Amino acid sequence: MPAPDPASVEAAVRAALAGVIDPEIRRPITELDMVDRVTATEAGVEVGVRLTIVGCPASDRIERDVRAAAEQVVGAGNAVVELGVMTPEQRAALTERLRGGRAARGNPFGPGTLTRVIAVTSGKGGVGKSTLTANLAVALAARGLSVGLVDADVHGFSIPGLLGLVDEQGTAVRPTRVDEMILPPVAHGVKVISIGMFVEPTEPGGRGSSVAVAWRGPMLHRTLQQFLTDVYFGDLDVLLVDLPPGTGDVAISLGQLLPNAEVLVVTTPQPAAADVAERSGLVARQTGQRVVGVVENMAGMAQPDGSLLDLFGSGGGDEVARRLSEGADEPVPLVAAVPLSVALRRGGDEGVPVVLAEPDDPAARAIEQAAAFLAGRPRSLSGRHLDVSVR
């Protein structure tokens, strides 16, 4: 039987490598120019791979996946993988390619974007806004959408822990930097960035919560701007932004940077909460954003006898929706009422959102209802640039 033609072997291996996806950039390594060489040998094949940076955290997985792909062609044990690192020039070319040929950084999610931007806000803290945002992101990703999540709650960042992006000591995992481009970690199919990934832990040995972030307006604005410009999210269907509670600097900055964002207001059932929740929606409108719905969290808890315990009152979500609908171009609906749930709390503590861990839980079903509402909203292309041409 004649020996395989070396050129045919190399071509077949390259074709197989097109199925190897960089776990951070989420693109084929062949498309990212990470394959340095493919050389047929008497024993099989040698593959050279260029990693983006020295100490790339995904190196073991990339090496394993490349070897598995090559062995599909040449047989088990017949592929040798050698890892190298891109030159500065190659990294610069990669970052420019990922930015769509733009050497200069810019905000890809501003007016004209085809990505749906949804800002989740609340009038006050402690209403479960971040927990809902994390679960909504995961629920949307489970629907097959490409989802990014910006944790803009700079002073009370909790998204990394809610999504399990922490190590054994409870410290948030750090993103990978390729020159000036930041690659966000991925959890449950969601690309995530948070200030909690950049600050240091308080206790010796790296254990414990991170230091407090005592920043004022200008620095907060620059941080949010950097998240939108320097972080490579790729092509997203949805970008969720978890805002800090209230109507402070970050909410105003977001209005300036993302005036096209749709706003989801989170409140609790007690009618007294309606005033502060309404204000967060009104401030969003003043910056040009559109309030699209209200979610009531901590709604009634089902009792063993089938009755409902309204621990935090009732009617707050309906009242906020009613007030925000007054004078609006379109009604603002109460999208979902999420009941008090031990499973929801447990999922946040364990870093596995309830929509994945216990999808039949009443809270998970309510969050899925909200996700279905957001995913099913019609999208207007008015004022947006479509990258098409007529020949």
# chains A, B, ... in the order shown; residues from 1 in each chain; ligands from 1
>>> residues_around(residues="A:Ser8", least_positions_apart="2", cutoff="12 Å", atoms="only C-alpha atoms", output="number ranges by chain")
A: 3-6, 10-15, 38-40, 45, 73-74
>>> select_by_dssp(residues="stretch 21-185 of chain A", states="strand (DSSP E)", output="PyMOL selection string")
chain A and resi 35-40+45-51+79-85+116-122+147-151+176-178+181-183
>>> write_last_selection(atoms="N, CA and C atoms", output="mmCIF file, in the first residue's frame")
data_model
loop_
_atom_site.group_PDB
_atom_site.id
_atom_site.type_symbol
_atom_site.label_atom_id
_atom_site.label_comp_id
_atom_site.auth_asym_id
_atom_site.auth_seq_id
_atom_site.Cartn_x
_atom_site.Cartn_y
_atom_site.Cartn_z
ATOM 1 N N VAL A 35 -1.946 28.781 13.840
ATOM 2 C CA VAL A 35 -1.243 27.591 13.341
ATOM 3 C C VAL A 35 0.021 28.055 12.629
ATOM 4 N N ASP A 36 1.150 27.751 13.211
ATOM 5 C CA ASP A 36 2.440 28.171 12.664
ATOM 6 C C ASP A 36 2.880 27.269 11.519
ATOM 7 N N ARG A 37 2.732 25.975 11.699
ATOM 8 C CA ARG A 37 3.153 25.029 10.660
ATOM 9 C C ARG A 37 2.473 23.689 10.877
ATOM 10 N N VAL A 38 2.334 22.952 9.787
ATOM 11 C CA VAL A 38 1.875 21.561 9.805
ATOM 12 C C VAL A 38 2.808 20.786 8.893
ATOM 13 N N THR A 39 3.552 19.847 9.450
ATOM 14 C CA THR A 39 4.571 19.128 8.692
ATOM 15 C C THR A 39 4.347 17.632 8.809
ATOM 16 N N ALA A 40 4.148 16.990 7.671
ATOM 17 C CA ALA A 40 4.010 15.532 7.666
ATOM 18 C C ALA A 40 5.367 14.890 7.913
ATOM 19 N N VAL A 45 2.606 13.461 12.024
ATOM 20 C CA VAL A 45 2.575 14.885 11.712
ATOM 21 C C VAL A 45 3.070 15.694 12.907
ATOM 22 N N GLU A 46 3.696 16.809 12.613
ATOM 23 C CA GLU A 46 4.086 17.774 13.642
ATOM 24 C C GLU A 46 3.316 19.064 13.401
ATOM 25 N N VAL A 47 2.749 19.601 14.467
ATOM 26 C CA VAL A 47 1.957 20.834 14.373
ATOM 27 C C VAL A 47 2.554 21.876 15.302
ATOM 28 N N GLY A 48 2.860 23.046 14.743
ATOM 29 C CA GLY A 48 3.329 24.164 15.551
ATOM 30 C C GLY A 48 2.199 25.145 15.772
ATOM 31 N N VAL A 49 1.985 25.531 17.009
ATOM 32 C CA VAL A 49 0.887 26.443 17.361
ATOM 33 C C VAL A 49 1.465 27.672 18.049
ATOM 34 N N ARG A 50 0.985 28.844 17.637
ATOM 35 C CA ARG A 50 1.398 30.100 18.257
ATOM 36 C C ARG A 50 0.336 30.542 19.255
ATOM 37 N N LEU A 51 0.675 30.558 20.532
ATOM 38 C CA LEU A 51 -0.228 31.090 21.546
ATOM 39 C C LEU A 51 -0.183 32.608 21.519
ATOM 40 N N ALA A 79 0.778 12.261 16.456
ATOM 41 C CA ALA A 79 0.824 13.714 16.284
ATOM 42 C C ALA A 79 1.669 14.351 17.383
ATOM 43 N N VAL A 80 2.565 15.222 16.991
ATOM 44 C CA VAL A 80 3.405 15.975 17.928
ATOM 45 C C VAL A 80 2.991 17.439 17.850
ATOM 46 N N VAL A 81 2.703 18.049 18.998
ATOM 47 C CA VAL A 81 2.281 19.449 19.051
ATOM 48 C C VAL A 81 3.347 20.258 19.773
ATOM 49 N N GLU A 82 3.805 21.306 19.132
ATOM 50 C CA GLU A 82 4.798 22.204 19.722
ATOM 51 C C GLU A 82 4.181 23.588 19.881
ATOM 52 N N LEU A 83 4.260 24.122 21.093
ATOM 53 C CA LEU A 83 3.662 25.421 21.391
ATOM 54 C C LEU A 83 4.712 26.521 21.356
ATOM 55 N N GLY A 84 4.384 27.604 20.696
ATOM 56 C CA GLY A 84 5.210 28.799 20.683
ATOM 57 C C GLY A 84 4.367 29.997 21.067
ATOM 58 N N VAL A 85 4.894 31.190 20.863
ATOM 59 C CA VAL A 85 4.186 32.414 21.221
ATOM 60 C C VAL A 85 4.265 33.387 20.054
ATOM 61 N N ARG A 116 -28.119 43.995 20.826
ATOM 62 C CA ARG A 116 -29.133 44.533 21.746
ATOM 63 C C ARG A 116 -28.477 44.768 23.114
ATOM 64 N N VAL A 117 -28.496 45.998 23.569
ATOM 65 C CA VAL A 117 -27.887 46.370 24.846
ATOM 66 C C VAL A 117 -28.998 46.541 25.868
ATOM 67 N N ILE A 118 -28.910 45.792 26.970
ATOM 68 C CA ILE A 118 -29.945 45.837 28.010
ATOM 69 C C ILE A 118 -29.282 46.186 29.336
ATOM 70 N N ALA A 119 -29.635 47.343 29.868
ATOM 71 C CA ALA A 119 -29.124 47.773 31.169
ATOM 72 C C ALA A 119 -30.134 47.392 32.241
ATOM 73 N N VAL A 120 -29.651 46.722 33.283
ATOM 74 C CA VAL A 120 -30.518 46.297 34.380
ATOM 75 C C VAL A 120 -30.257 47.218 35.568
ATOM 76 N N THR A 121 -31.292 47.896 36.022
ATOM 77 C CA THR A 121 -31.126 48.912 37.050
ATOM 78 C C THR A 121 -32.135 48.709 38.177
ATOM 79 N N SER A 122 -31.896 49.393 39.284
ATOM 80 C CA SER A 122 -32.830 49.367 40.414
ATOM 81 C C SER A 122 -32.705 50.672 41.166
ATOM 82 N N VAL A 147 -23.943 36.069 24.188
ATOM 83 C CA VAL A 147 -24.269 37.004 25.274
ATOM 84 C C VAL A 147 -23.002 37.487 25.976
ATOM 85 N N GLY A 148 -22.936 38.785 26.221
ATOM 86 C CA GLY A 148 -21.891 39.366 27.048
ATOM 87 C C GLY A 148 -22.512 40.027 28.262
ATOM 88 N N LEU A 149 -21.721 40.159 29.323
ATOM 89 C CA LEU A 149 -22.226 40.756 30.565
ATOM 90 C C LEU A 149 -21.156 41.669 31.148
ATOM 91 N N VAL A 150 -21.491 42.930 31.315
ATOM 92 C CA VAL A 150 -20.612 43.906 31.949
ATOM 93 C C VAL A 150 -21.120 44.160 33.361
ATOM 94 N N ASP A 151 -20.277 43.884 34.336
ATOM 95 C CA ASP A 151 -20.618 44.152 35.731
ATOM 96 C C ASP A 151 -20.207 45.588 36.030
ATOM 97 N N THR A 176 -7.559 37.442 30.403
ATOM 98 C CA THR A 176 -6.290 37.407 29.686
ATOM 99 C C THR A 176 -6.118 38.696 28.899
ATOM 100 N N ARG A 177 -4.916 39.247 28.908
ATOM 101 C CA ARG A 177 -4.628 40.460 28.147
ATOM 102 C C ARG A 177 -3.750 40.102 26.958
ATOM 103 N N VAL A 178 -4.141 40.547 25.783
ATOM 104 C CA VAL A 178 -3.327 40.434 24.580
ATOM 105 C C VAL A 178 -2.996 41.852 24.165
ATOM 106 N N MET A 181 -5.698 44.567 24.469
ATOM 107 C CA MET A 181 -7.019 43.958 24.335
ATOM 108 C C MET A 181 -7.240 42.972 25.483
ATOM 109 N N ILE A 182 -8.423 43.014 26.076
ATOM 110 C CA ILE A 182 -8.759 42.146 27.200
ATOM 111 C C ILE A 182 -9.734 41.081 26.730
ATOM 112 N N LEU A 183 -9.425 39.828 27.039
ATOM 113 C CA LEU A 183 -10.302 38.713 26.676
ATOM 114 C C LEU A 183 -11.108 38.316 27.906
#
>>> residues_around(residues="stretch 316-326 of chain A", least_positions_apart="3", cutoff="10 Å", atoms="only C-alpha atoms", output="ChimeraX atom specification")
/A:265-279,281-282,285,291-297,299,312-313,329-337
>>> write_last_selection(atoms="N, CA, C and O atoms", output="short mmCIF file (atom, residue, chain, number, x, y, z; two decimals), in the first residue's frame")
data_model
loop_
_atom_site.label_atom_id
_atom_site.label_comp_id
_atom_site.auth_asym_id
_atom_site.auth_seq_id
_atom_site.Cartn_x
_atom_site.Cartn_y
_atom_site.Cartn_z
N VAL A 265 -36.03 47.54 34.72
CA VAL A 265 -36.04 48.03 36.11
C VAL A 265 -36.42 46.90 37.05
O VAL A 265 -37.43 46.22 36.84
N VAL A 266 -35.61 46.70 38.09
CA VAL A 266 -35.88 45.66 39.10
C VAL A 266 -36.37 46.32 40.38
O VAL A 266 -35.76 47.29 40.86
N THR A 267 -37.46 45.81 40.93
CA THR A 267 -38.01 46.36 42.16
C THR A 267 -38.47 45.21 43.05
O THR A 267 -38.39 44.04 42.67
N THR A 268 -38.93 45.55 44.24
CA THR A 268 -39.50 44.55 45.15
C THR A 268 -41.01 44.78 45.24
O THR A 268 -41.52 45.80 44.78
N PRO A 269 -41.75 43.86 45.86
CA PRO A 269 -43.22 43.96 45.86
C PRO A 269 -43.79 45.09 46.69
O PRO A 269 -44.92 45.50 46.46
N GLN A 270 -43.03 45.59 47.68
CA GLN A 270 -43.62 46.58 48.58
C GLN A 270 -43.89 47.89 47.84
O GLN A 270 -43.03 48.42 47.12
N PRO A 271 -45.07 48.44 47.96
CA PRO A 271 -45.42 49.68 47.24
C PRO A 271 -44.46 50.82 47.55
O PRO A 271 -44.24 51.68 46.70
N ALA A 272 -43.89 50.84 48.75
CA ALA A 272 -42.98 51.93 49.11
C ALA A 272 -41.72 51.92 48.25
O ALA A 272 -41.03 52.94 48.15
N ALA A 273 -41.41 50.78 47.63
CA ALA A 273 -40.23 50.70 46.78
C ALA A 273 -40.47 51.31 45.41
O ALA A 273 -39.53 51.53 44.64
N ALA A 274 -41.73 51.59 45.09
CA ALA A 274 -42.06 52.07 43.75
C ALA A 274 -41.43 53.42 43.45
O ALA A 274 -40.99 53.68 42.32
N ASP A 275 -41.37 54.31 44.45
CA ASP A 275 -40.83 55.64 44.22
C ASP A 275 -39.38 55.59 43.73
O ASP A 275 -39.02 56.20 42.72
N VAL A 276 -38.53 54.86 44.47
CA VAL A 276 -37.11 54.83 44.12
C VAL A 276 -36.88 54.06 42.82
O VAL A 276 -36.01 54.41 42.02
N ALA A 277 -37.64 53.01 42.59
CA ALA A 277 -37.50 52.24 41.36
C ALA A 277 -37.91 53.10 40.16
O ALA A 277 -37.28 53.06 39.10
N GLU A 278 -38.98 53.85 40.33
CA GLU A 278 -39.43 54.73 39.24
C GLU A 278 -38.35 55.74 38.88
O GLU A 278 -38.11 56.02 37.70
N ARG A 279 -37.66 56.28 39.88
CA ARG A 279 -36.63 57.30 39.60
C ARG A 279 -35.51 56.74 38.73
O ARG A 279 -35.00 57.43 37.85
N GLY A 281 -35.73 54.50 36.45
CA GLY A 281 -36.22 54.45 35.08
C GLY A 281 -36.31 55.82 34.45
O GLY A 281 -36.00 56.00 33.27
N LEU A 282 -36.72 56.82 35.23
CA LEU A 282 -36.84 58.18 34.69
C LEU A 282 -35.49 58.77 34.33
O LEU A 282 -35.35 59.48 33.32
N ARG A 285 -34.43 57.45 31.04
CA ARG A 285 -35.13 58.14 29.95
C ARG A 285 -34.51 59.51 29.66
O ARG A 285 -34.43 59.94 28.52
N VAL A 291 -37.05 52.51 28.58
CA VAL A 291 -37.42 51.51 29.59
C VAL A 291 -38.37 50.51 28.93
O VAL A 291 -39.43 50.89 28.42
N VAL A 292 -37.98 49.23 28.95
CA VAL A 292 -38.77 48.23 28.23
C VAL A 292 -39.56 47.31 29.15
O VAL A 292 -40.47 46.60 28.70
N GLY A 293 -39.25 47.31 30.45
CA GLY A 293 -40.00 46.42 31.32
C GLY A 293 -39.57 46.52 32.77
O GLY A 293 -38.56 47.15 33.10
N VAL A 294 -40.37 45.92 33.63
CA VAL A 294 -40.12 45.88 35.07
C VAL A 294 -40.13 44.43 35.51
O VAL A 294 -40.96 43.63 35.06
N VAL A 295 -39.19 44.07 36.38
CA VAL A 295 -39.18 42.74 37.00
C VAL A 295 -39.36 42.94 38.51
O VAL A 295 -38.63 43.72 39.13
N GLU A 296 -40.33 42.24 39.07
CA GLU A 296 -40.54 42.27 40.52
C GLU A 296 -39.83 41.07 41.13
O GLU A 296 -40.13 39.93 40.79
N ASN A 297 -38.88 41.34 42.01
CA ASN A 297 -38.15 40.26 42.69
C ASN A 297 -38.62 40.14 44.13
O ASN A 297 -39.21 41.07 44.68
N ALA A 299 -41.02 38.24 45.23
CA ALA A 299 -42.48 38.17 45.28
C ALA A 299 -42.90 37.05 46.23
O ALA A 299 -42.07 36.41 46.88
N PHE A 312 -42.76 40.50 51.60
CA PHE A 312 -42.38 41.89 51.34
C PHE A 312 -43.52 42.69 50.72
O PHE A 312 -43.29 43.65 49.99
N GLY A 313 -44.74 42.31 51.00
CA GLY A 313 -45.89 43.04 50.48
C GLY A 313 -46.23 42.59 49.07
O GLY A 313 -45.76 41.56 48.58
N ASP A 329 -44.08 56.40 25.18
CA ASP A 329 -44.52 56.11 23.82
C ASP A 329 -45.21 54.76 23.73
O ASP A 329 -46.08 54.55 22.88
N GLU A 330 -44.81 53.83 24.59
CA GLU A 330 -45.43 52.52 24.62
C GLU A 330 -45.52 52.05 26.07
O GLU A 330 -44.71 52.47 26.91
N PRO A 331 -46.48 51.20 26.41
CA PRO A 331 -46.62 50.74 27.80
C PRO A 331 -45.37 50.01 28.28
O PRO A 331 -44.68 49.34 27.49
N VAL A 332 -45.09 50.15 29.54
CA VAL A 332 -43.98 49.42 30.17
C VAL A 332 -44.58 48.27 30.97
O VAL A 332 -45.25 48.51 31.99
N PRO A 333 -44.39 47.04 30.54
CA PRO A 333 -45.06 45.92 31.21
C PRO A 333 -44.30 45.41 32.43
O PRO A 333 -43.09 45.62 32.56
N LEU A 334 -45.04 44.77 33.32
CA LEU A 334 -44.42 43.96 34.36
C LEU A 334 -44.05 42.64 33.70
O LEU A 334 -44.91 41.83 33.37
N VAL A 335 -42.77 42.42 33.46
CA VAL A 335 -42.29 41.28 32.67
C VAL A 335 -42.40 39.98 33.45
O VAL A 335 -42.79 38.94 32.89
N ALA A 336 -42.05 40.01 34.73
CA ALA A 336 -42.08 38.78 35.53
C ALA A 336 -42.08 39.15 37.00
O ALA A 336 -41.57 40.20 37.40
N ALA A 337 -42.65 38.26 37.81
CA ALA A 337 -42.60 38.36 39.27
C ALA A 337 -41.84 37.14 39.77
O ALA A 337 -42.33 36.02 39.67
#
>>> residues_around(residues="A:Thr287", least_positions_apart="5", cutoff="12 Å", atoms="only C-alpha atoms", output="MDAnalysis selection string")
chainID A and resid 247 251:263 280:282
>>> select_by_dssp(residues="stretch 141-352 of chain A", states="helix (DSSP H, G or I)", output="JSON, numbers by chain")
{"A": [141, 142, 159, 160, 161, 162, 195, 196, 197, 204, 205, 206, 217, 218, 219, 220, 221, 222, 223, 224, 225, 226, 227, 228, 229, 249, 250, 251, 252, 253, 254, 255, 256, 257, 271, 272, 273, 274, 275, 276, 277, 278, 279, 280, 281, 282, 283, 284, 285, 286, 316, 317, 318, 319, 320, 321, 322, 323, 324, 325, 342, 343, 344, 345, 346, 347, 348, 349, 350]}
>>> write_last_selection(atoms="C-alpha atoms", output="PDB file, in the first residue's frame")
ATOM      1  CA  ALA A 141     -27.174  32.110  26.277  1.00  0.00           C
ATOM      2  CA  ALA A 142     -29.009  28.800  26.735  1.00  0.00           C
ATOM      3  CA  ILE A 159     -21.259  38.914  39.160  1.00  0.00           C
ATOM      4  CA  PRO A 160     -18.038  36.795  39.192  1.00  0.00           C
ATOM      5  CA  GLY A 161     -19.169  34.919  42.287  1.00  0.00           C
ATOM      6  CA  LEU A 162     -22.735  34.501  41.032  1.00  0.00           C
ATOM      7  CA  ILE A 195     -13.960  45.293  38.168  1.00  0.00           C
ATOM      8  CA  GLY A 196     -13.758  42.448  40.679  1.00  0.00           C
ATOM      9  CA  MET A 197     -11.402  40.693  38.237  1.00  0.00           C
ATOM     10  CA  PRO A 204      -2.939  37.274  53.033  1.00  0.00           C
ATOM     11  CA  GLY A 205      -2.743  34.248  50.791  1.00  0.00           C
ATOM     12  CA  GLY A 206      -5.358  35.596  48.404  1.00  0.00           C
ATOM     13  CA  GLY A 217     -17.249  59.979  38.854  1.00  0.00           C
ATOM     14  CA  PRO A 218     -14.399  60.491  36.335  1.00  0.00           C
ATOM     15  CA  MET A 219     -12.644  57.238  37.221  1.00  0.00           C
ATOM     16  CA  LEU A 220     -15.932  55.326  37.153  1.00  0.00           C
ATOM     17  CA  HIS A 221     -16.664  56.729  33.697  1.00  0.00           C
ATOM     18  CA  ARG A 222     -13.215  55.720  32.396  1.00  0.00           C
ATOM     19  CA  THR A 223     -13.596  52.215  33.788  1.00  0.00           C
ATOM     20  CA  LEU A 224     -16.958  51.686  32.118  1.00  0.00           C
ATOM     21  CA  GLN A 225     -15.593  53.155  28.888  1.00  0.00           C
ATOM     22  CA  GLN A 226     -12.621  50.777  29.012  1.00  0.00           C
ATOM     23  CA  PHE A 227     -14.924  47.796  29.511  1.00  0.00           C
ATOM     24  CA  LEU A 228     -16.748  48.759  26.327  1.00  0.00           C
ATOM     25  CA  THR A 229     -13.689  49.555  24.208  1.00  0.00           C
ATOM     26  CA  ASP A 249     -22.431  58.584  38.254  1.00  0.00           C
ATOM     27  CA  VAL A 250     -22.383  55.173  36.559  1.00  0.00           C
ATOM     28  CA  ALA A 251     -26.007  55.402  35.446  1.00  0.00           C
ATOM     29  CA  ILE A 252     -25.317  58.820  33.921  1.00  0.00           C
ATOM     30  CA  SER A 253     -22.109  57.609  32.274  1.00  0.00           C
ATOM     31  CA  LEU A 254     -23.918  54.636  30.794  1.00  0.00           C
ATOM     32  CA  GLY A 255     -26.489  56.994  29.335  1.00  0.00           C
ATOM     33  CA  GLN A 256     -23.693  58.925  27.644  1.00  0.00           C
ATOM     34  CA  LEU A 257     -21.852  55.841  26.375  1.00  0.00           C
ATOM     35  CA  PRO A 271     -45.416  49.680  47.241  1.00  0.00           C
ATOM     36  CA  ALA A 272     -42.976  51.926  49.112  1.00  0.00           C
ATOM     37  CA  ALA A 273     -40.228  50.704  46.782  1.00  0.00           C
ATOM     38  CA  ALA A 274     -42.061  52.066  43.749  1.00  0.00           C
ATOM     39  CA  ASP A 275     -40.829  55.641  44.216  1.00  0.00           C
ATOM     40  CA  VAL A 276     -37.107  54.834  44.117  1.00  0.00           C
ATOM     41  CA  ALA A 277     -37.496  52.245  41.356  1.00  0.00           C
ATOM     42  CA  GLU A 278     -39.428  54.727  39.238  1.00  0.00           C
ATOM     43  CA  ARG A 279     -36.631  57.296  39.598  1.00  0.00           C
ATOM     44  CA  SER A 280     -34.037  54.906  38.144  1.00  0.00           C
ATOM     45  CA  GLY A 281     -36.225  54.448  35.080  1.00  0.00           C
ATOM     46  CA  LEU A 282     -36.844  58.180  34.690  1.00  0.00           C
ATOM     47  CA  VAL A 283     -33.123  58.972  34.824  1.00  0.00           C
ATOM     48  CA  ALA A 284     -32.536  56.400  32.089  1.00  0.00           C
ATOM     49  CA  ARG A 285     -35.133  58.141  29.948  1.00  0.00           C
ATOM     50  CA  GLN A 286     -33.451  61.505  30.491  1.00  0.00           C
ATOM     51  CA  GLY A 316     -44.856  47.115  43.871  1.00  0.00           C
ATOM     52  CA  GLY A 317     -43.983  45.749  40.424  1.00  0.00           C
ATOM     53  CA  ASP A 318     -47.376  46.648  38.980  1.00  0.00           C
ATOM     54  CA  GLU A 319     -47.154  50.132  40.455  1.00  0.00           C
ATOM     55  CA  VAL A 320     -43.701  50.804  38.976  1.00  0.00           C
ATOM     56  CA  ALA A 321     -44.858  49.547  35.572  1.00  0.00           C
ATOM     57  CA  ARG A 322     -47.961  51.760  35.773  1.00  0.00           C
ATOM     58  CA  ARG A 323     -45.988  54.871  36.689  1.00  0.00           C
ATOM     59  CA  LEU A 324     -43.349  54.329  34.006  1.00  0.00           C
ATOM     60  CA  SER A 325     -46.068  53.772  31.411  1.00  0.00           C
ATOM     61  CA  VAL A 342     -34.001  29.045  48.409  1.00  0.00           C
ATOM     62  CA  ALA A 343     -32.809  27.537  45.122  1.00  0.00           C
ATOM     63  CA  LEU A 344     -32.193  31.005  43.677  1.00  0.00           C
ATOM     64  CA  ARG A 345     -30.111  31.976  46.702  1.00  0.00           C
ATOM     65  CA  ARG A 346     -28.254  28.653  46.688  1.00  0.00           C
ATOM     66  CA  GLY A 347     -27.409  28.984  43.002  1.00  0.00           C
ATOM     67  CA  GLY A 348     -25.858  32.383  43.654  1.00  0.00           C
ATOM     68  CA  ASP A 349     -23.756  31.049  46.524  1.00  0.00           C
ATOM     69  CA  GLU A 350     -22.549  28.080  44.480  1.00  0.00           C
TER      70      GLU A 350
END
>>> closest_residue(among="A:Ile193, A:Val238, A:Pro362, A:Asn78", to="A:Phe109", atoms="only C-alpha atoms")
A:Val238
>>> atom_distance(atom1="atom CA of A:Asn107", atom2="atom CA of A:Arg27")
20.9 Å
>>> atom_distance(atom1="atom CA of A:Asn135", atom2="atom CA of A:Asp22")
25.2 Å
>>> residues_around(residues="A:Glu368", least_positions_apart="4", cutoff="10 Å", atoms="only C-alpha atoms", output="ChimeraX atom specification")
/A:135-136,138-140,336,355,359,362-364,372-374
>>> closest_residue(among="A:Leu311, A:Ile62, A:Val166, A:Ala68", to="A:Pro23", atoms="only C-alpha atoms")
A:Ile62
>>> atom_distance(atom1="atom CA of A:Pro88", atom2="atom CA of A:Arg61")
22.9 Å
>>> closest_residue(among="A:Ile53, A:Val352, A:Val9, A:Ala18", to="A:Gly164", atoms="only C-alpha atoms")
A:Val352
